[in-house]
Each structure stands twice: as C-alpha cells, then as structure tokens.
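Asks: upload-v9.cif (mmCIF, C-alpha atoms) pasted underneath:
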data_target
loop_
_atom_site.group_PDB
_atom_site.id
_atom_site.type_symbol
_atom_site.label_atom_id
_atom_site.label_comp_id
_atom_site.auth_asym_id
_atom_site.auth_seq_id
_atom_site.Cartn_x
_atom_site.Cartn_y
_atom_site.Cartn_z
ATOM 1 C CA MET A 28 -21.143 -34.797 15.599
ATOM 2 C CA LEU A 29 -21.750 -33.598 19.134
ATOM 3 C CA THR A 30 -18.658 -32.827 21.182
ATOM 4 C CA VAL A 31 -17.720 -32.523 24.853
ATOM 5 C CA THR A 32 -14.521 -30.909 26.098
ATOM 6 C CA ALA A 33 -12.549 -33.235 28.374
ATOM 7 C CA LYS A 34 -9.434 -32.808 30.505
ATOM 8 C CA ASN A 35 -7.306 -35.399 32.259
ATOM 9 C CA ARG A 36 -8.131 -35.595 35.950
ATOM 10 C CA ALA A 37 -5.447 -35.728 38.625
ATOM 11 C CA ALA A 38 -6.031 -38.322 41.353
ATOM 12 C CA THR A 39 -5.635 -35.578 43.978
ATOM 13 C CA GLU A 40 -8.678 -33.581 42.777
ATOM 14 C CA SER A 41 -11.653 -34.164 45.072
ATOM 15 C CA VAL A 42 -15.147 -34.668 43.734
ATOM 16 C CA ALA A 43 -16.438 -31.800 45.898
ATOM 17 C CA THR A 44 -13.857 -29.420 44.408
ATOM 18 C CA LEU A 45 -14.772 -30.497 40.870
ATOM 19 C CA HIS A 46 -18.480 -29.978 41.494
ATOM 20 C CA SER A 47 -17.823 -26.525 42.960
ATOM 21 C CA GLN A 48 -16.039 -25.666 39.677
ATOM 22 C CA GLU A 49 -19.058 -26.999 37.703
ATOM 23 C CA LEU A 50 -17.038 -29.983 36.467
ATOM 24 C CA ILE A 51 -18.156 -33.614 36.408
ATOM 25 C CA PRO A 52 -15.716 -36.449 37.108
ATOM 26 C CA ALA A 53 -15.836 -39.077 34.372
ATOM 27 C CA VAL A 54 -14.006 -42.071 32.993
ATOM 28 C CA VAL A 55 -13.420 -43.153 29.401
ATOM 29 C CA TYR A 56 -12.578 -46.773 28.589
ATOM 30 C CA GLY A 57 -12.960 -49.367 25.852
ATOM 31 C CA PRO A 58 -11.475 -52.460 24.222
ATOM 32 C CA LYS A 59 -8.566 -50.469 22.773
ATOM 33 C CA THR A 60 -8.556 -47.650 25.348
ATOM 34 C CA ALA A 61 -7.157 -47.988 28.855
ATOM 35 C CA ALA A 62 -9.420 -46.536 31.551
ATOM 36 C CA GLN A 63 -8.674 -42.839 31.925
ATOM 37 C CA SER A 64 -10.051 -40.444 34.572
ATOM 38 C CA ILE A 65 -11.223 -37.138 33.098
ATOM 39 C CA THR A 66 -13.383 -34.121 33.890
ATOM 40 C CA ILE A 67 -16.042 -32.521 31.707
ATOM 41 C CA PRO A 68 -17.955 -29.213 32.033
ATOM 42 C CA ALA A 69 -21.349 -29.825 33.655
ATOM 43 C CA ARG A 70 -23.352 -27.411 31.472
ATOM 44 C CA GLU A 71 -21.750 -28.618 28.250
ATOM 45 C CA PHE A 72 -22.480 -32.246 29.160
ATOM 46 C CA ALA A 73 -26.091 -31.470 30.142
ATOM 47 C CA LYS A 74 -26.776 -30.022 26.662
ATOM 48 C CA VAL A 75 -25.206 -33.022 24.920
ATOM 49 C CA TRP A 76 -26.969 -35.529 27.214
ATOM 50 C CA ARG A 77 -30.384 -33.984 26.433
ATOM 51 C CA SER A 78 -29.881 -34.306 22.679
ATOM 52 C CA ALA A 79 -27.682 -37.423 22.469
ATOM 53 C CA GLY A 80 -28.858 -39.816 25.141
ATOM 54 C CA GLU A 81 -27.065 -43.146 25.099
ATOM 55 C CA SER A 82 -27.389 -43.955 21.407
ATOM 56 C CA THR A 83 -25.508 -41.132 19.720
ATOM 57 C CA ILE A 84 -21.777 -41.082 19.080
ATOM 58 C CA ILE A 85 -20.083 -38.027 20.570
ATOM 59 C CA ALA A 86 -16.482 -36.848 20.407
ATOM 60 C CA LEU A 87 -14.391 -36.087 23.480
ATOM 61 C CA LYS A 88 -12.045 -33.221 22.622
ATOM 62 C CA GLY A 89 -8.969 -32.126 24.549
ATOM 63 C CA LEU A 90 -7.370 -35.516 25.228
ATOM 64 C CA GLY A 91 -4.757 -35.259 22.480
ATOM 65 C CA SER A 92 -6.717 -36.725 19.596
ATOM 66 C CA ASP A 93 -10.526 -36.766 19.561
ATOM 67 C CA VAL A 94 -12.041 -39.910 21.058
ATOM 68 C CA GLU A 95 -15.393 -41.106 19.695
ATOM 69 C CA VAL A 96 -17.532 -42.505 22.504
ATOM 70 C CA LEU A 97 -21.004 -43.454 23.630
ATOM 71 C CA ILE A 98 -22.423 -42.337 26.951
ATOM 72 C CA HIS A 99 -22.464 -45.654 28.782
ATOM 73 C CA GLU A 100 -23.726 -44.695 32.228
ATOM 74 C CA VAL A 101 -24.635 -41.500 34.063
ATOM 75 C CA GLN A 102 -24.891 -41.365 37.841
ATOM 76 C CA MET A 103 -27.538 -38.765 38.727
ATOM 77 C CA HIS A 104 -28.117 -36.836 41.977
ATOM 78 C CA PRO A 105 -31.398 -38.130 43.455
ATOM 79 C CA LEU A 106 -32.755 -34.666 44.314
ATOM 80 C CA THR A 107 -31.316 -32.232 41.771
ATOM 81 C CA ASN A 108 -31.185 -34.715 38.866
ATOM 82 C CA GLU A 109 -27.749 -33.364 37.911
ATOM 83 C CA ALA A 110 -25.023 -35.648 36.601
ATOM 84 C CA LEU A 111 -22.536 -36.661 39.320
ATOM 85 C CA HIS A 112 -20.342 -39.037 37.287
ATOM 86 C CA VAL A 113 -20.234 -40.238 33.675
ATOM 87 C CA ASP A 114 -18.838 -43.383 32.054
ATOM 88 C CA PHE A 115 -17.900 -43.021 28.378
ATOM 89 C CA TYR A 116 -17.345 -46.125 26.240
ATOM 90 C CA ALA A 117 -14.685 -45.767 23.507
ATOM 91 C CA PHE A 118 -15.849 -48.452 21.078
ATOM 92 C CA ASP A 119 -13.919 -50.364 18.414
ATOM 93 C CA LYS A 120 -15.049 -48.860 15.077
ATOM 94 C CA THR A 121 -14.637 -52.195 13.278
ATOM 95 C CA LYS A 122 -16.884 -54.250 15.580
ATOM 96 C CA LYS A 123 -20.620 -54.148 16.162
ATOM 97 C CA LEU A 124 -21.803 -52.648 19.402
ATOM 98 C CA THR A 125 -25.043 -53.120 21.291
ATOM 99 C CA ALA A 126 -27.161 -50.017 21.802
ATOM 100 C CA THR A 127 -30.698 -49.238 22.891
ATOM 101 C CA VAL A 128 -32.191 -46.807 20.375
ATOM 102 C CA PRO A 129 -35.373 -44.758 20.964
ATOM 103 C CA LEU A 130 -38.328 -45.250 18.627
ATOM 104 C CA HIS A 131 -39.941 -42.104 17.164
ATOM 105 C CA PHE A 132 -43.536 -42.575 16.073
ATOM 106 C CA VAL A 133 -44.299 -40.596 12.911
ATOM 107 C CA GLY A 134 -47.146 -40.392 10.415
ATOM 108 C CA VAL A 135 -50.893 -40.674 10.883
ATOM 109 C CA SER A 136 -52.723 -43.976 11.053
ATOM 110 C CA GLN A 137 -55.836 -44.458 8.890
ATOM 111 C CA ALA A 138 -57.073 -46.897 11.547
ATOM 112 C CA GLU A 139 -56.886 -44.154 14.177
ATOM 113 C CA LYS A 140 -58.785 -41.772 11.883
ATOM 114 C CA SER A 141 -61.480 -44.467 11.659
ATOM 115 C CA GLY A 142 -61.810 -44.649 15.463
ATOM 116 C CA ALA A 143 -59.263 -47.310 16.401
ATOM 117 C CA VAL A 144 -56.826 -46.869 19.261
ATOM 118 C CA ILE A 145 -53.084 -47.140 18.560
ATOM 119 C CA ILE A 146 -51.150 -49.014 21.222
ATOM 120 C CA LYS A 147 -47.392 -48.420 21.247
ATOM 121 C CA VAL A 148 -45.970 -51.592 22.741
ATOM 122 C CA MET A 149 -42.301 -50.503 22.699
ATOM 123 C CA HIS A 150 -40.573 -47.138 22.896
ATOM 124 C CA GLU A 151 -36.989 -48.307 22.305
ATOM 125 C CA LEU A 152 -35.220 -51.170 20.569
ATOM 126 C CA THR A 153 -31.904 -52.832 21.379
ATOM 127 C CA ILE A 154 -29.804 -53.508 18.282
ATOM 128 C CA GLU A 155 -26.306 -54.667 17.362
ATOM 129 C CA VAL A 156 -24.833 -52.384 14.723
ATOM 130 C CA LEU A 157 -21.548 -51.081 13.354
ATOM 131 C CA PRO A 158 -20.724 -47.763 15.036
ATOM 132 C CA ALA A 159 -20.740 -45.827 11.747
ATOM 133 C CA GLU A 160 -24.384 -46.837 11.180
ATOM 134 C CA LEU A 161 -25.703 -46.299 14.727
ATOM 135 C CA PRO A 162 -28.924 -44.272 14.434
ATOM 136 C CA SER A 163 -29.872 -41.681 17.062
ATOM 137 C CA HIS A 164 -33.463 -42.945 16.722
ATOM 138 C CA ILE A 165 -35.590 -45.242 14.559
ATOM 139 C CA ASP A 166 -38.737 -43.929 12.864
ATOM 140 C CA VAL A 167 -41.907 -46.017 13.167
ATOM 141 C CA ASP A 168 -44.380 -45.042 10.427
ATOM 142 C CA LEU A 169 -47.881 -45.274 11.909
ATOM 143 C CA ALA A 170 -49.404 -44.804 8.433
ATOM 144 C CA LYS A 171 -48.871 -48.575 7.992
ATOM 145 C CA LEU A 172 -51.745 -49.150 10.421
ATOM 146 C CA ALA A 173 -54.693 -48.987 7.984
ATOM 147 C CA LYS A 174 -57.329 -50.951 9.922
ATOM 148 C CA VAL A 175 -58.054 -52.592 13.278
ATOM 149 C CA ASP A 176 -55.718 -55.520 14.056
ATOM 150 C CA ASP A 177 -52.924 -54.183 11.814
ATOM 151 C CA HIS A 178 -49.483 -54.387 13.457
ATOM 152 C CA ILE A 179 -46.067 -52.891 12.975
ATOM 153 C CA THR A 180 -43.365 -55.421 13.824
ATOM 154 C CA VAL A 181 -39.591 -55.290 14.184
ATOM 155 C CA ALA A 182 -39.372 -56.540 10.576
ATOM 156 C CA ASP A 183 -41.188 -53.366 9.402
ATOM 157 C CA LEU A 184 -38.586 -50.996 10.887
ATOM 158 C CA PRO A 185 -36.032 -49.199 8.688
ATOM 159 C CA LEU A 186 -32.896 -50.546 10.373
ATOM 160 C CA PRO A 187 -29.387 -49.780 9.066
ATOM 161 C CA ALA A 188 -27.837 -52.453 6.837
ATOM 162 C CA SER A 189 -25.516 -53.813 9.543
ATOM 163 C CA ALA A 190 -28.146 -53.743 12.305
ATOM 164 C CA GLU A 191 -29.663 -56.789 13.937
ATOM 165 C CA ALA A 192 -32.474 -56.413 16.463
ATOM 166 C CA GLU A 193 -32.185 -58.275 19.739
ATOM 167 C CA LEU A 194 -35.883 -59.196 19.462
ATOM 168 C CA GLY A 195 -37.420 -61.478 16.857
ATOM 169 C CA SER A 196 -38.653 -59.942 13.612
ATOM 170 C CA ASP A 197 -42.273 -60.777 14.466
ATOM 171 C CA GLU A 198 -42.303 -58.846 17.771
ATOM 172 C CA ILE A 199 -45.009 -56.159 17.736
ATOM 173 C CA ILE A 200 -43.952 -52.509 18.015
ATOM 174 C CA ALA A 201 -47.403 -50.909 17.607
ATOM 175 C CA THR A 202 -50.907 -52.167 16.901
ATOM 176 C CA ALA A 203 -54.352 -50.800 16.067
ATOM 177 C CA VAL A 204 -57.164 -52.063 18.300
ATOM 178 C CA GLU A 205 -60.887 -51.431 18.355
ATOM 179 C CA ALA A 206 -61.940 -48.636 20.691
ATOM 180 C CA LYS A 207 -64.381 -49.873 23.329
ATOM 181 C CA ASP A 208 -66.536 -47.830 25.648
ATOM 182 C CA GLU A 209 -65.732 -48.299 29.292
ATOM 183 C CA VAL A 210 -68.730 -49.400 31.352
ATOM 184 C CA ILE A 211 -68.900 -47.846 34.799
ATOM 185 C CA SER A 212 -70.971 -49.776 37.307
ATOM 186 C CA ASN A 213 -72.963 -47.930 39.938
ATOM 187 C CA ALA A 214 -73.661 -51.113 41.885
ATOM 188 C CA ALA A 215 -72.466 -51.284 45.466
ATOM 189 C CA PRO A 216 -69.434 -53.501 46.009
ATOM 190 C CA ASP A 217 -69.963 -56.915 47.533
ATOM 191 C CA VAL A 218 -69.506 -56.865 51.298
ATOM 192 C CA ILE A 219 -67.854 -59.856 52.865
ATOM 193 C CA PRO A 220 -69.212 -60.576 56.364
#
Can you present the structure in this file as structure tokens?
Replies:
Amino acid sequence: MLTVTAKNRAATESVATLHSQELIPAVVYGPKTAAQSITIPAREFAKVWRSAGESTIIALKGLGSDVEVLIHEVQMHPLTNEALHVDFYAFDKTKKLTATVPLHFVGVSQAEKSGAVIIKVMHELTIEVLPAELPSHIDVDLAKLAKVDDHITVADLPLPASAEAELGSDEIIATAVEAKDEVISNAAPDVIP
C-alpha cells in the first residue's frame, strides 16, 4: 500500500509558509473521522499522486494510527501544475464507496489485425465497491474483438465481486469498426453572394 507522511497542522501556519517549506496543506475527513487539518510533503505526495490517482487506497502515516484514505480532490496551481491543497476521504471499510477507475486496454484485437479500427468509447468507469476490493484499474481485453462490429461492454469487464457499475451492463466500452478511406474533395467551396 502506498503511504504519505502527514502531520497535524496548526491553525496559525500560513499557506505561504507551508509552501516555502515544500509542504501542502490538506484535510482528512470521512463518515467516522472528524475533519482534521494536516500537512503533507509535496514531493512525497507528487510521487503517490502519479501512481495512485483517485482510485487507489493510500495510508496516511504520522497521525497516531494509520488512516486509510482515497485522494478525493486536489487543487492544482494553474501555471506550475503543482498541488496546492488536497482533500483525503477516510472511508468506512464496511460500506461500499463510489470511485472512478481507469480502464487499461490490453491484448491485441484480431479485428484490428484484419484492418478494422478499434474505437475506445470510455477510458474510465465509475463503480460502487467495498474498499477492500477497489481496483487501481480495470483491464479491458481487446482480444475479444475478433471481427468488425464486435463490442466490449460493461458486462464483459472483470469487476470485483462486490462491484456494481454505474452504467448499464450493455454500455459499450470499445468496438471494432470498418476502416474507411477518407475522401478529400478538391472542389472549390460554394460562395454565397
């Protein structure tokens, strides 16, 4: 499990001072956790954010006992793209949570080998799942696309046992379509007087 070191934040500490010390102000809260202001090291968080995103459980260390959380929201600087503030959600381990999980396309499609074009309709899927079964990503096996007009739907995805997709089971994730040549016209455009 990925971890981030956290410290309690005093109300008197200014955001500018924290940023000059390469710390990010943050808050952790949840159904069984009162909102708590904390600070986290900027570099340490950046590494975790790159690999975890919003759908991986991470542990906050240094607050007494470890707190398992999801990254709920990150406020980014518009120019430097550095994190300015982070909201961590301390979930209830016994209740399902809603998370948006990235889709990873794997395998090789026979339809694509035969000249078809693979269209990836979705790149993430929102699911409700028990925290212990929350996947960091969901694999979509493109090998299931054998010929033109084959589809991969939500029902074809390997979801954890407790997971329920927000979308219907017949929603298309990826499809194989016939490749068509694009016709470029050299005709002059119509001129409206």
Asks: Using all atoms listed in the file, give me every residue within 10 Å of (-12.3, -28.0, 31.6) in file coordinates, as a list in words.
Replies: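 Checked against the point, the hits come out as Val31, Thr32, Ala33, Lys34, Asn35, Arg36, Leu45, Gln48, Glu49, Leu50, Ile51, Ile65, Thr66, Ile67, Pro68, Ala69 and Gly89 of chain A.
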Asks: Can I get the selected residues back with C-alpha atoms, as a PDB file, keeping the file's coordinate frame?
Replies:
ATOM      1  CA  VAL A  31     -17.720 -32.523  24.853  1.00  0.00           C
ATOM      2  CA  THR A  32     -14.521 -30.909  26.098  1.00  0.00           C
ATOM      3  CA  ALA A  33     -12.549 -33.235  28.374  1.00  0.00           C
ATOM      4  CA  LYS A  34      -9.434 -32.808  30.505  1.00  0.00           C
ATOM      5  CA  ASN A  35      -7.306 -35.399  32.259  1.00  0.00           C
ATOM      6  CA  ARG A  36      -8.131 -35.595  35.950  1.00  0.00           C
ATOM      7  CA  LEU A  45     -14.772 -30.497  40.870  1.00  0.00           C
ATOM      8  CA  GLN A  48     -16.039 -25.666  39.677  1.00  0.00           C
ATOM      9  CA  GLU A  49     -19.058 -26.999  37.703  1.00  0.00           C
ATOM     10  CA  LEU A  50     -17.038 -29.983  36.467  1.00  0.00           C
ATOM     11  CA  ILE A  51     -18.156 -33.614  36.408  1.00  0.00           C
ATOM     12  CA  ILE A  65     -11.223 -37.138  33.098  1.00  0.00           C
ATOM     13  CA  THR A  66     -13.383 -34.121  33.890  1.00  0.00           C
ATOM     14  CA  ILE A  67     -16.042 -32.521  31.707  1.00  0.00           C
ATOM     15  CA  PRO A  68     -17.955 -29.213  32.033  1.00  0.00           C
ATOM     16  CA  ALA A  69     -21.349 -29.825  33.655  1.00  0.00           C
ATOM     17  CA  GLY A  89      -8.969 -32.126  24.549  1.00  0.00           C
TER      18      GLY A  89
END
Asks: I need the residue set behind the PyMOL selection byres ((chain A and resi 102) around 8) for this file; please write it as a VMD selection string.
Replies: chain A and resid 100 to 101 103 to 104 110 to 113
Asks: When the PyMOL selection byres ((chain A and resi 77-82) around 8) is applied to the structure above, which residues does it catch, written out as a ChimeraX atom specification?
Replies: /A:29,73-76,83-85,97-99,126-128,161-164
Asks: Quick one: everything within 9 Å of Gly134 of chain A, counting only C-alpha atoms, minus sequence neighbours fewer than 3 positions away in the same chain. Send it as a list of chain:residue names.
Replies: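 Listing them by chain and then by number gives A:Val167, A:Asp168, A:Leu169, A:Ala170, A:Lys171.
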Asks: Mind writing the picked residues with C-alpha atoms as a PDB file, keeping the file's coordinate frame?
Replies:
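Produced file out_12.pdb, reproduced below:
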ATOM      1  CA  VAL A 167     -41.907 -46.017  13.167  1.00  0.00           C
ATOM      2  CA  ASP A 168     -44.380 -45.042  10.427  1.00  0.00           C
ATOM      3  CA  LEU A 169     -47.881 -45.274  11.909  1.00  0.00           C
ATOM      4  CA  ALA A 170     -49.404 -44.804   8.433  1.00  0.00           C
ATOM      5  CA  LYS A 171     -48.871 -48.575   7.992  1.00  0.00           C
TER       6      LYS A 171
END
Asks: When you draw a straight line from atom CA of Asp176 of chain A to atom CA of Ala203 of chain A, how long is it in Å?
Replies: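 Atom CA of Ala203 of chain A lies at a distance of 5.3 Å from atom CA of Asp176 of chain A.
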Asks: If you measure from atom CA of Ser196 of chain A to atom CA of Val135 of chain A, what distance in Å do you get, rounded to one decimal?
Replies: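 Computed distance, atom CA of Ser196 of chain A to atom CA of Val135 of chain A, equals 23.0 Å.
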Asks: Work out how far atom CA of Met149 of chain A is from atom CA of Val175 of chain A, in Å to one decimal.
Replies: 18.5 Å
Asks: Using only C-alpha atoms, which of the listed residues (A:Thr153, A:Thr39, A:Ser47, A:Thr202) sits closest to Pro129 of chain A?
Replies: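 Among the listed residues, A:Thr153 lies closest to Pro129 of chain A.
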Asks: I'd like to see the residues matched by the PyMOL selection byres ((chain A and resi 159) around 12) on this file, and ideally I'd get them as a list in words.
Replies: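 Applying the expression gives Met28, Ser82, Thr83, Ile84, Ile85, Glu95, Val96, Phe118, Asp119, Lys120, Thr121, Lys122, Lys123, Leu124, Glu155, Val156, Leu157, Pro158, Glu160, Leu161, Pro162, Ser163, Pro187, Ala188, Ser189 and Ala190 of chain A.
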Asks: Using all atoms listed in the file, find the one residue out of A:Ala53, A:Ile200, A:Leu152, A:Ala117 that sits nearest to Ala37 of chain A.
Replies: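 Of A:Ala53, A:Ile200, A:Leu152, A:Ala117, the one nearest Ala37 of chain A, counting all atoms listed in the file, is A:Ala53.
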Asks: For Val148 of chain A, work out the shell of residues within 12 Å, counting all atoms listed in the file and skipping chain neighbours fewer than 2 positions away, then give it as a PyMOL selection string.
Replies: chain A and resi 130+132+145-146+150-152+167+178-181+198-203
Asks: I'd like to know which of A:Phe72, A:Leu172, A:His131, A:Ala192 is closest to Phe115 of chain A, using only C-alpha atoms.
Replies: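 Nearest candidate to Phe115 of chain A out of A:Phe72, A:Leu172, A:His131, A:Ala192: A:Phe72.
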Asks: Excluding Val55 of chain A and its own-chain neighbours fewer than 2 positions away, which residues fall within 6 Å of it when counting only C-alpha atoms? Please give them as a ChimeraX atom specification.
Replies: /A:62-63,115-116
Asks: Is there a way to get, as an NGL selection string, all residues within 10 Å of the point (-59.5, -51.9, 10.2) in file coordinates, counting all atoms listed in the file?
Replies: :A and (137-139 or 141-143 or 172-177 or 203-205)
